[in-house]
$ cat model.cif   # mmCIF, C-alpha atoms and all ligand atoms
data_target
#
loop_
_atom_site.group_PDB
_atom_site.id
_atom_site.type_symbol
_atom_site.label_atom_id
_atom_site.label_comp_id
_atom_site.auth_asym_id
_atom_site.auth_seq_id
_atom_site.Cartn_x
_atom_site.Cartn_y
_atom_site.Cartn_z
ATOM 1 C CA MET A 6 0.000 0.000 0.000
ATOM 2 C CA THR A 7 1.318 3.425 -0.932
ATOM 3 C CA LYS A 8 0.024 6.651 0.590
ATOM 4 C CA VAL A 9 -1.234 8.840 -2.262
ATOM 5 C CA TRP A 10 -3.542 11.393 -0.576
ATOM 6 C CA ASP A 11 -2.461 13.240 2.572
ATOM 7 C CA GLY A 12 -4.860 13.873 5.467
ATOM 8 C CA PHE A 13 -5.718 17.357 4.320
ATOM 9 C CA ILE A 14 -6.683 16.463 0.739
ATOM 10 C CA ARG A 15 -9.029 13.812 2.135
ATOM 11 C CA GLY A 16 -10.520 16.153 4.745
ATOM 12 C CA PHE A 17 -10.712 19.004 2.217
ATOM 13 C CA HIS A 18 -12.791 16.929 -0.172
ATOM 14 C CA TRP A 19 -15.389 15.704 2.293
ATOM 15 C CA LEU A 20 -15.634 19.077 4.090
ATOM 16 C CA LEU A 21 -16.154 20.665 0.660
ATOM 17 C CA VAL A 22 -18.966 18.216 -0.156
ATOM 18 C CA ILE A 23 -20.722 18.961 3.164
ATOM 19 C CA GLY A 24 -20.105 22.716 2.776
ATOM 20 C CA ILE A 25 -21.544 22.894 -0.743
ATOM 21 C CA ALA A 26 -24.609 20.910 0.333
ATOM 22 C CA VAL A 27 -25.224 23.361 3.215
ATOM 23 C CA LEU A 28 -24.623 26.364 0.917
ATOM 24 C CA TYR A 29 -27.066 24.990 -1.641
ATOM 25 C CA VAL A 30 -29.895 24.423 0.846
ATOM 26 C CA SER A 31 -29.299 27.649 2.809
ATOM 27 C CA GLY A 32 -28.993 29.703 -0.409
ATOM 28 C CA GLU A 33 -32.212 28.338 -1.881
ATOM 29 C CA GLU A 34 -34.112 28.633 1.404
ATOM 30 C CA GLY A 35 -32.826 32.144 2.090
ATOM 31 C CA TRP A 36 -31.182 31.170 5.411
ATOM 32 C CA LEU A 37 -28.478 33.697 4.768
ATOM 33 C CA ASP A 38 -26.810 33.798 8.209
ATOM 34 C CA LEU A 39 -26.034 30.092 7.873
ATOM 35 C CA HIS A 40 -25.107 30.690 4.220
ATOM 36 C CA PHE A 41 -22.590 33.400 5.109
ATOM 37 C CA VAL A 42 -20.951 31.505 7.988
ATOM 38 C CA THR A 43 -20.581 28.375 5.831
ATOM 39 C CA GLY A 44 -19.419 30.494 2.881
ATOM 40 C CA TYR A 45 -16.616 32.054 4.985
ATOM 41 C CA LEU A 46 -15.464 28.617 6.173
ATOM 42 C CA ILE A 47 -15.441 27.276 2.605
ATOM 43 C CA LEU A 48 -13.534 30.407 1.548
ATOM 44 C CA ALA A 49 -10.880 29.581 4.182
ATOM 45 C CA LEU A 50 -10.899 25.920 3.083
ATOM 46 C CA MET A 51 -10.466 26.769 -0.597
ATOM 47 C CA LEU A 52 -7.693 29.290 0.112
ATOM 48 C CA THR A 53 -5.916 26.629 2.179
ATOM 49 C CA ARG A 54 -6.255 24.153 -0.701
ATOM 50 C CA LEU A 55 -4.660 26.658 -3.086
ATOM 51 C CA ILE A 56 -1.785 27.344 -0.659
ATOM 52 C CA TRP A 57 -1.416 23.544 -0.180
ATOM 53 C CA GLY A 58 -1.244 23.339 -3.971
ATOM 54 C CA VAL A 59 2.083 25.181 -3.705
ATOM 55 C CA ILE A 60 3.615 23.876 -0.458
ATOM 56 C CA GLY A 61 1.804 20.532 0.027
ATOM 57 C CA SER A 62 2.325 16.896 -0.972
ATOM 58 C CA ASP A 63 3.231 15.972 -4.555
ATOM 59 C CA THR A 64 -0.314 14.778 -5.293
ATOM 60 C CA ALA A 65 -1.746 18.098 -3.994
ATOM 61 C CA LYS A 66 0.464 20.263 -6.214
ATOM 62 C CA LEU A 67 -1.308 22.595 -8.627
ATOM 63 C CA SER A 68 1.631 22.162 -11.020
ATOM 64 C CA SER A 69 0.886 18.419 -11.159
ATOM 65 C CA LEU A 70 -2.620 19.307 -12.391
ATOM 66 C CA ILE A 71 -1.369 20.860 -15.606
ATOM 67 C CA HIS A 72 -1.159 18.322 -18.430
ATOM 68 C CA SER A 73 -1.319 18.630 -22.195
ATOM 69 C CA PRO A 74 -4.696 17.741 -23.772
ATOM 70 C CA LYS A 75 -2.861 14.955 -25.624
ATOM 71 C CA SER A 76 -1.738 13.207 -22.444
ATOM 72 C CA ALA A 77 -5.274 13.581 -21.039
ATOM 73 C CA LEU A 78 -6.721 11.822 -24.099
ATOM 74 C CA LEU A 79 -4.071 9.112 -23.919
ATOM 75 C CA ALA A 80 -4.830 8.524 -20.235
ATOM 76 C CA MET A 81 -8.564 8.200 -20.957
ATOM 77 C CA ARG A 82 -7.939 5.675 -23.739
ATOM 78 C CA SER A 83 -5.187 3.584 -22.199
ATOM 79 C CA GLY A 84 -5.878 3.921 -18.473
ATOM 80 C CA ALA A 85 -2.117 4.431 -18.042
ATOM 81 C CA GLN A 86 -0.650 4.259 -14.527
ATOM 82 C CA SER A 87 -0.466 7.553 -12.717
ATOM 83 C CA VAL A 88 -0.346 8.568 -9.105
ATOM 84 C CA GLY A 89 -2.843 11.082 -7.709
ATOM 85 C CA HIS A 90 -5.188 12.617 -10.251
ATOM 86 C CA ASN A 91 -4.816 11.192 -13.723
ATOM 87 C CA PRO A 92 -4.396 13.736 -16.562
ATOM 88 C CA ALA A 93 -8.076 13.650 -17.592
ATOM 89 C CA GLY A 94 -9.263 14.007 -14.002
ATOM 90 C CA SER A 95 -6.941 16.968 -13.549
ATOM 91 C CA TYR A 96 -9.020 19.068 -15.937
ATOM 92 C CA MET A 97 -12.086 18.415 -13.847
ATOM 93 C CA VAL A 98 -10.255 19.368 -10.653
ATOM 94 C CA LEU A 99 -9.045 22.624 -12.231
ATOM 95 C CA LEU A 100 -12.590 23.351 -13.434
ATOM 96 C CA PHE A 101 -13.900 22.741 -9.901
ATOM 97 C CA PHE A 102 -11.351 25.127 -8.410
ATOM 98 C CA VAL A 103 -12.258 27.875 -10.908
ATOM 99 C CA LEU A 104 -16.021 27.397 -10.408
ATOM 100 C CA ILE A 105 -15.719 27.379 -6.605
ATOM 101 C CA VAL A 106 -13.527 30.506 -6.558
ATOM 102 C CA VAL A 107 -15.986 32.309 -8.895
ATOM 103 C CA GLN A 108 -18.880 31.194 -6.662
ATOM 104 C CA LEU A 109 -17.152 32.472 -3.521
ATOM 105 C CA LEU A 110 -16.067 35.820 -5.008
ATOM 106 C CA SER A 111 -19.461 36.492 -6.614
ATOM 107 C CA GLY A 112 -21.132 35.587 -3.276
ATOM 108 C CA LEU A 113 -19.066 38.202 -1.446
ATOM 109 C CA MET A 114 -20.433 40.780 -3.944
ATOM 110 C CA SER A 115 -24.033 39.479 -4.053
ATOM 111 C CA THR A 116 -27.186 40.930 -2.567
ATOM 112 C CA ASP A 117 -30.699 39.550 -2.143
ATOM 113 C CA ASP A 118 -31.961 43.093 -2.986
ATOM 114 C CA ILE A 119 -33.881 43.228 0.304
ATOM 115 C CA LEU A 120 -31.922 42.990 3.521
ATOM 116 C CA VAL A 121 -28.736 41.044 3.068
ATOM 117 C CA GLU A 122 -25.593 41.818 1.184
ATOM 118 C CA GLY A 123 -22.159 40.234 0.902
ATOM 119 C CA PRO A 124 -19.327 42.109 2.673
ATOM 120 C CA LEU A 125 -17.830 43.523 -0.550
ATOM 121 C CA VAL A 126 -21.094 45.069 -1.837
ATOM 122 C CA ALA A 127 -20.426 48.291 0.089
ATOM 123 C CA TYR A 128 -17.221 48.850 -1.903
ATOM 124 C CA ILE A 129 -18.480 48.322 -5.460
ATOM 125 C CA PRO A 130 -20.987 50.055 -7.786
ATOM 126 C CA THR A 131 -24.586 48.726 -7.734
ATOM 127 C CA SER A 132 -24.298 47.553 -11.343
ATOM 128 C CA TRP A 133 -21.396 45.268 -10.345
ATOM 129 C CA SER A 134 -23.303 43.675 -7.504
ATOM 130 C CA GLU A 135 -26.232 43.078 -9.880
ATOM 131 C CA ILE A 136 -23.886 41.230 -12.222
ATOM 132 C CA ALA A 137 -22.303 39.348 -9.288
ATOM 133 C CA SER A 138 -25.719 38.208 -7.999
ATOM 134 C CA GLU A 139 -26.640 36.976 -11.477
ATOM 135 C CA LEU A 140 -23.279 35.218 -11.796
ATOM 136 C CA HIS A 141 -23.699 33.647 -8.328
ATOM 137 C CA HIS A 142 -26.933 32.117 -9.589
ATOM 138 C CA GLU A 143 -25.777 31.013 -13.070
ATOM 139 C CA ASN A 144 -22.346 29.737 -11.988
ATOM 140 C CA PHE A 145 -24.001 27.516 -9.392
ATOM 141 C CA GLU A 146 -25.959 25.787 -12.171
ATOM 142 C CA VAL A 147 -22.677 25.026 -13.944
ATOM 143 C CA LEU A 148 -21.211 23.784 -10.652
ATOM 144 C CA LEU A 149 -24.157 21.399 -10.248
ATOM 145 C CA TYR A 150 -23.674 19.965 -13.751
ATOM 146 C CA THR A 151 -19.973 19.540 -13.056
ATOM 147 C CA ILE A 152 -20.713 17.689 -9.805
ATOM 148 C CA ALA A 153 -23.083 15.352 -11.685
ATOM 149 C CA LEU A 154 -20.401 14.671 -14.301
ATOM 150 C CA HIS A 155 -17.810 14.129 -11.558
ATOM 151 C CA ILE A 156 -19.958 11.523 -9.797
ATOM 152 C CA LEU A 157 -20.718 9.859 -13.140
ATOM 153 C CA ALA A 158 -16.979 9.602 -13.880
ATOM 154 C CA ILE A 159 -16.356 8.027 -10.435
ATOM 155 C CA ILE A 160 -19.101 5.461 -11.150
ATOM 156 C CA VAL A 161 -17.632 4.655 -14.591
ATOM 157 C CA TYR A 162 -14.181 4.074 -13.027
ATOM 158 C CA ARG A 163 -15.845 1.887 -10.395
ATOM 159 C CA LEU A 164 -17.495 -0.239 -13.092
ATOM 160 C CA LYS A 165 -14.080 -0.552 -14.711
ATOM 161 C CA GLY A 166 -12.760 -1.910 -11.400
ATOM 162 C CA LYS A 167 -11.097 1.201 -9.956
ATOM 163 C CA ASN A 168 -12.518 2.335 -6.605
ATOM 164 C CA LEU A 169 -11.385 5.971 -6.482
ATOM 165 C CA ALA A 170 -13.726 6.922 -3.628
ATOM 166 C CA LYS A 171 -12.173 4.279 -1.356
ATOM 167 C CA THR A 172 -8.716 5.627 -2.199
ATOM 168 C CA LEU A 173 -9.871 9.130 -1.304
ATOM 169 C CA LEU A 174 -11.261 7.860 2.032
ATOM 170 C CA THR A 175 -8.231 5.818 3.084
ATOM 171 C CA GLY A 176 -5.574 7.815 1.216
ATOM 172 C CA LYS A 177 -3.843 4.551 0.248
ATOM 173 C CA GLU A 178 -3.567 2.692 -3.017
ATOM 174 C CA ASN A 179 -2.303 -0.749 -4.063
ATOM 175 C CA ASN A 180 0.214 -1.503 -6.811
ATOM 176 C CA VAL A 181 1.561 1.998 -7.270
ATOM 177 C CA GLN A 182 5.090 2.101 -8.635
ATOM 178 C CA LEU A 183 5.818 5.751 -7.937
ATOM 179 C CA LYS A 184 6.105 6.981 -4.386
ATOM 180 C CA PRO A 185 4.916 10.595 -4.100
ATOM 181 C CA ARG A 186 6.449 12.911 -1.501
ATOM 182 C CA MET A 187 3.958 13.535 1.324
ATOM 183 C CA VAL A 188 3.755 16.534 3.654
ATOM 184 C CA PRO A 189 1.773 15.968 6.901
ATOM 185 C CA GLY A 190 -1.776 17.304 6.498
ATOM 186 C CA LYS A 191 -1.725 18.818 10.005
ATOM 187 C CA TRP A 192 0.130 21.867 8.664
ATOM 188 C CA ALA A 193 -2.680 22.523 6.199
ATOM 189 C CA TYR A 194 -5.278 22.196 8.976
ATOM 190 C CA LEU A 195 -3.300 24.753 10.968
ATOM 191 C CA ILE A 196 -3.424 27.152 7.989
ATOM 192 C CA PHE A 197 -7.160 26.444 7.621
ATOM 193 C CA ILE A 198 -7.821 27.280 11.279
ATOM 194 C CA ILE A 199 -5.784 30.498 11.131
ATOM 195 C CA LEU A 200 -7.548 31.656 7.934
ATOM 196 C CA SER A 201 -10.978 30.740 9.357
ATOM 197 C CA VAL A 202 -10.346 32.760 12.515
ATOM 198 C CA LEU A 203 -9.060 35.711 10.470
ATOM 199 C CA ILE A 204 -11.994 35.759 8.035
ATOM 200 C CA MET A 205 -14.545 35.191 10.813
ATOM 201 C CA SER A 206 -13.135 38.011 12.913
ATOM 202 C CA VAL A 207 -13.346 40.432 9.975
ATOM 203 C CA TRP A 208 -16.732 39.418 8.457
ATOM 204 C CA GLY A 209 -18.298 36.714 10.613
ATOM 205 C CA GLU A 210 -19.446 38.454 13.770
ATOM 206 C CA GLN A 211 -22.890 39.539 12.570
ATOM 207 C CA PRO A 212 -24.066 36.270 10.922
ATOM 208 C CA LEU A 213 -22.425 34.149 13.624
ATOM 209 C CA SER A 214 -24.150 35.961 16.500
ATOM 210 C CA ALA A 215 -27.460 35.909 14.581
ATOM 211 C CA LEU A 216 -27.070 32.130 14.191
ATOM 212 C CA ILE A 217 -26.261 31.506 17.835
ATOM 213 C CA ASN A 218 -29.068 33.687 19.237
HETATM 214 C C1 LIG A 301 -20.398 18.592 -3.811
HETATM 215 C C2 LIG A 301 -19.948 17.567 -4.485
HETATM 216 C C3 LIG A 301 -18.483 17.365 -4.857
HETATM 217 C C4 LIG A 301 -17.518 18.276 -5.161
HETATM 218 C C5 LIG A 301 -17.640 19.795 -5.252
HETATM 219 C C6 LIG A 301 -16.295 17.538 -5.421
HETATM 220 C C7 LIG A 301 -15.072 18.114 -5.760
HETATM 221 C C8 LIG A 301 -13.884 17.434 -5.911
HETATM 222 C C9 LIG A 301 -12.590 18.050 -6.080
HETATM 223 C C10 LIG A 301 -12.327 19.556 -6.110
HETATM 224 C C11 LIG A 301 -11.671 17.059 -6.197
HETATM 225 C C12 LIG A 301 -10.168 17.244 -6.321
HETATM 226 C C13 LIG A 301 -9.557 17.074 -4.932
HETATM 227 C C14 LIG A 301 -8.230 17.773 -4.758
HETATM 228 O O1 LIG A 301 -7.267 17.562 -5.494
HETATM 229 O O2 LIG A 301 -8.122 18.606 -3.841
HETATM 230 C C15 LIG A 301 -12.376 15.805 -6.121
HETATM 231 C C16 LIG A 301 -11.799 14.548 -6.213
HETATM 232 C C17 LIG A 301 -12.493 13.375 -6.003
HETATM 233 N N1 LIG A 301 -13.844 13.242 -5.695
HETATM 234 FE FE1 LIG A 301 -15.173 14.692 -5.501
HETATM 235 N N2 LIG A 301 -16.540 16.191 -5.265
HETATM 236 C C18 LIG A 301 -17.871 16.056 -4.921
HETATM 237 C C19 LIG A 301 -18.532 14.883 -4.651
HETATM 238 C C20 LIG A 301 -17.965 13.633 -4.671
HETATM 239 C C21 LIG A 301 -18.637 12.392 -4.329
HETATM 240 C C22 LIG A 301 -20.098 12.285 -3.862
HETATM 241 C C23 LIG A 301 -17.733 11.391 -4.486
HETATM 242 C C24 LIG A 301 -17.875 9.921 -4.263
HETATM 243 C C25 LIG A 301 -18.779 9.178 -4.736
HETATM 244 C C26 LIG A 301 -16.485 11.999 -4.924
HETATM 245 C C27 LIG A 301 -15.324 11.320 -5.184
HETATM 246 C C28 LIG A 301 -14.124 11.888 -5.535
HETATM 247 C C29 LIG A 301 -12.913 11.135 -5.780
HETATM 248 C C30 LIG A 301 -12.796 9.617 -5.720
HETATM 249 C C31 LIG A 301 -11.909 12.054 -6.084
HETATM 250 C C32 LIG A 301 -10.436 11.731 -6.431
HETATM 251 C C33 LIG A 301 -10.370 11.540 -7.903
HETATM 252 C C34 LIG A 301 -9.022 11.006 -8.344
HETATM 253 O O3 LIG A 301 -8.643 9.943 -7.880
HETATM 254 O O4 LIG A 301 -8.362 11.684 -9.163
HETATM 255 N N3 LIG A 301 -16.666 13.364 -5.036
HETATM 256 N N4 LIG A 301 -13.720 16.059 -5.942
HETATM 257 C C1 LIG A 302 -19.020 27.802 -2.822
HETATM 258 C C2 LIG A 302 -19.691 28.712 -2.146
HETATM 259 C C3 LIG A 302 -21.137 29.105 -2.372
HETATM 260 C C4 LIG A 302 -22.168 28.416 -2.954
HETATM 261 C C5 LIG A 302 -22.135 27.011 -3.545
HETATM 262 C C6 LIG A 302 -23.350 29.278 -2.906
HETATM 263 C C7 LIG A 302 -24.596 28.952 -3.410
HETATM 264 C C8 LIG A 302 -25.708 29.770 -3.406
HETATM 265 C C9 LIG A 302 -27.016 29.423 -3.925
HETATM 266 C C10 LIG A 302 -27.375 28.084 -4.567
HETATM 267 C C11 LIG A 302 -27.837 30.497 -3.745
HETATM 268 C C12 LIG A 302 -29.304 30.629 -4.183
HETATM 269 C C13 LIG A 302 -29.255 31.333 -5.510
HETATM 270 C C14 LIG A 302 -30.582 31.646 -6.108
HETATM 271 O O1 LIG A 302 -31.603 31.103 -5.666
HETATM 272 O O2 LIG A 302 -30.558 32.437 -7.046
HETATM 273 C C15 LIG A 302 -27.061 31.537 -3.106
HETATM 274 C C16 LIG A 302 -27.536 32.781 -2.765
HETATM 275 C C17 LIG A 302 -26.805 33.772 -2.127
HETATM 276 N N1 LIG A 302 -25.464 33.663 -1.745
HETATM 277 FE FE1 LIG A 302 -24.249 32.054 -2.031
HETATM 278 N N2 LIG A 302 -23.008 30.462 -2.300
HETATM 279 C C18 LIG A 302 -21.671 30.386 -1.945
HETATM 280 C C19 LIG A 302 -20.937 31.364 -1.289
HETATM 281 C C20 LIG A 302 -21.436 32.581 -0.861
HETATM 282 C C21 LIG A 302 -20.681 33.575 -0.107
HETATM 283 C C22 LIG A 302 -19.221 33.425 0.357
HETATM 284 C C23 LIG A 302 -21.518 34.634 0.086
HETATM 285 C C24 LIG A 302 -21.273 35.931 0.820
HETATM 286 C C25 LIG A 302 -20.661 36.002 1.958
HETATM 287 C C26 LIG A 302 -22.793 34.319 -0.555
HETATM 288 C C27 LIG A 302 -23.884 35.159 -0.602
HETATM 289 C C28 LIG A 302 -25.110 34.871 -1.146
HETATM 290 C C29 LIG A 302 -26.247 35.786 -1.169
HETATM 291 C C30 LIG A 302 -26.262 37.232 -0.631
HETATM 292 C C31 LIG A 302 -27.299 35.088 -1.783
HETATM 293 C C32 LIG A 302 -28.720 35.611 -2.038
HETATM 294 C C33 LIG A 302 -28.806 36.047 -3.463
HETATM 295 C C34 LIG A 302 -30.226 36.210 -3.932
HETATM 296 O O3 LIG A 302 -31.168 36.054 -3.151
HETATM 297 O O4 LIG A 302 -30.348 36.470 -5.113
HETATM 298 N N3 LIG A 302 -22.706 33.053 -1.119
HETATM 299 N N4 LIG A 302 -25.765 31.064 -2.908
#
$ encode --input "model.cif" --output "structure tokens"
Amino acid sequence: MTKVWDGFIRGFHWLLVIGIAVLYVSGEEGWLDLHFVTGYLILALMLTRLIWGVIGSDTAKLSSLIHSPKSALLAMRSGAQSVGHNPAGSYMVLLFFVLIVVQLLSGLMSTDDILVEGPLVAYIPTSWSEIASELHHENFEVLLYTIALHILAIIVYRLKGKNLAKTLLTGKENNVQLKPRMVPGKWAYLIFIILSVLIMSVWGEQPLSALIN
């Protein structure tokens, strides 16, 4: 057994899944205090993932996500051995990161036109926040389609005999020739906690106290 995913990548993924589910329900239902608090935590989580993409384990590296379209096609056809994300999967991961960052940034500039506005609305022209609110809505649709495609791809791999979800739960994989360099995930969690506290202390007080009371 070779360790291919460090503790943070595994935690990041499942926290992201829970976070997006909460953001979806709270956004649709208009529970915006919950939406904001969760949004700030996912902002901290995503920022940590991007930092980890520079200083983290080999399989977390953003540079390892960049492949030529040719090698992605080859990997899809041949199922060639790779460690971490395979070249085709890397495109989906990059797409996820872009969509999530756009969703977070547009959220910070969104308003429900009644009572609630994201913390950056005060600093931008009204026309921008109208565009951001529209984008926050439309981009989420694209995110949903991407999630559906992602789950479909995992199922297809499963039918072909590769249990990717189990690997992402345990972090370990059989019969891997390459041994990626791993950095302990605890450092990423430390960064995540520091960023969460920072963001919460700047923007979180109002929604957090409304949630608790
Ligand atoms: C809200 C829904 C989901 C989102 C936004 C999402 C997003 C992501 C992202 C961003 C990655 C890349 C991880 C990284 O490098 O940091 C990833 C990988 C992965 N996800 Fe998800 N995911 C979702 C749901 C699921 C579900 C329900 C499953 C399981 C059935 C799953 C299984 C996997 C697996 C196995 C990988 C690793 C793929 C590989 O081996 O290259 N995901 N996902
Ligand atoms: C990945 C993170 C996020 C996701 C997936 C998400 C998702 C959603 C969804 C599905 C809605 C309902 C949209 C509609 O019915 O048109 C919504 C509304 C909203 N979101 Fe987010 N959101 C995220 C982050 C944020 C953040 C960080 C903020 C601000 C701090 C924010 C602020 C808002 C506001 C103000 C609305 C109400 C907009 C309206 O009523 O038109 N969101 N969000």
$ closest_atom_pairs --input "model.cif" --of "stretch 18-109 of chain A" --to "stretch 152-158 of chain A" --cutoff "12 Å" --atoms "all atoms listed in the file" --output "Markdown table"
| residue | atom | partner | partner_atom | distance |
| --- | --- | --- | --- | --- |
| A:Leu21 | CA | A:Ile152 | CA | 11.8 |
| A:Val22 | CA | A:Ile152 | CA | 9.8 |
| A:Ile25 | CA | A:Ile152 | CA | 10.5 |
| A:Ala26 | CA | A:Ile152 | CA | 11.3 |
| A:Met81 | CA | A:Ala158 | CA | 11.1 |
| A:Ala93 | CA | A:Ala158 | CA | 10.5 |
| A:Gly94 | CA | A:Ala158 | CA | 8.9 |
| A:Ser95 | CA | A:His155 | CA | 11.4 |
| A:Tyr96 | CA | A:His155 | CA | 11.0 |
| A:Met97 | CA | A:His155 | CA | 7.5 |
| A:Val98 | CA | A:His155 | CA | 9.2 |
| A:Leu100 | CA | A:Ile152 | CA | 10.5 |
| A:Phe101 | CA | A:Ile152 | CA | 8.5 |
| A:Leu104 | CA | A:Ile152 | CA | 10.8 |
| A:Ile105 | CA | A:Ile152 | CA | 11.4 |
$ residues_near_ligand --input "model.cif" --ligand "ligand LIG 302 (chain A)" --cutoff "8 Å" --atoms "only C-alpha atoms and all ligand atoms" --output "number ranges by chain"
A: 24-26, 28-35, 37, 40-45, 47-48, 105-106, 108-118, 121-124, 138-139, 141-143, 145, 148
$ atom_distance --input "model.cif" --atom1 "atom CA of A:Met6" --atom2 "atom CA of A:Lys66"
21.2 Å
$ residues_around --input "model.cif" --residues "A:Ser201" --least-positions-apart "2" --cutoff "12 Å" --atoms "only C-alpha atoms" --output "list in words"
Val42, Thr43, Gly44, Tyr45, Leu46, Ile47, Leu48, Ala49, Leu50, Met51, Leu52, Thr53, Tyr194, Leu195, Ile196, Phe197, Ile198, Ile199, Leu203, Ile204, Met205, Ser206, Val207, Trp208 and Gly209 of chain A
$ axis_aligned_box --input "model.cif" --around "stretch 138-146 of chain A" --padding-each-side "8 Å" --output "AutoDock Vina command-line options"
--center_x -24.6 --center_y 32.0 --center_z -10.5 --size_x 20.6 --size_y 28.4 --size_z 21.1
$ atom_distance --input "model.cif" --atom1 "atom CA of A:Leu200" --atom2 "atom CA of A:Gly58"
15.8 Å
$ closest_residue --input "model.cif" --among "A:Asn144, A:Ser62, A:Thr131, A:Thr7" --to "A:Val107" --atoms "all atoms listed in the file"
A:Asn144
$ atom_distance --input "model.cif" --atom1 "atom CA of A:Leu216" --atom2 "atom CA of A:Ile23"
18.3 Å
$ closest_residue --input "model.cif" --among "A:Gln211, A:Gln182, A:Thr64, A:Asn218" --to "ligand LIG 301 (chain A)" --atoms "all atoms listed in the file"
A:Thr64
$ closest_residue --input "model.cif" --among "A:Glu146, A:Gly89, A:Leu164, A:Trp192" --to "A:Ile60" --atoms "only C-alpha atoms"
A:Trp192
$ closest_residue --input "model.cif" --among "A:Val202, A:Leu55, A:Ile129, A:Ile14" --to "ligand LIG 301 (chain A)" --atoms "all atoms listed in the file"
A:Ile14
$ closest_residue --input "model.cif" --among "A:Leu140, A:Ala65, A:Leu125, A:Val181" --to "ligand LIG 301 (chain A)" --atoms "all atoms listed in the file"
A:Ala65
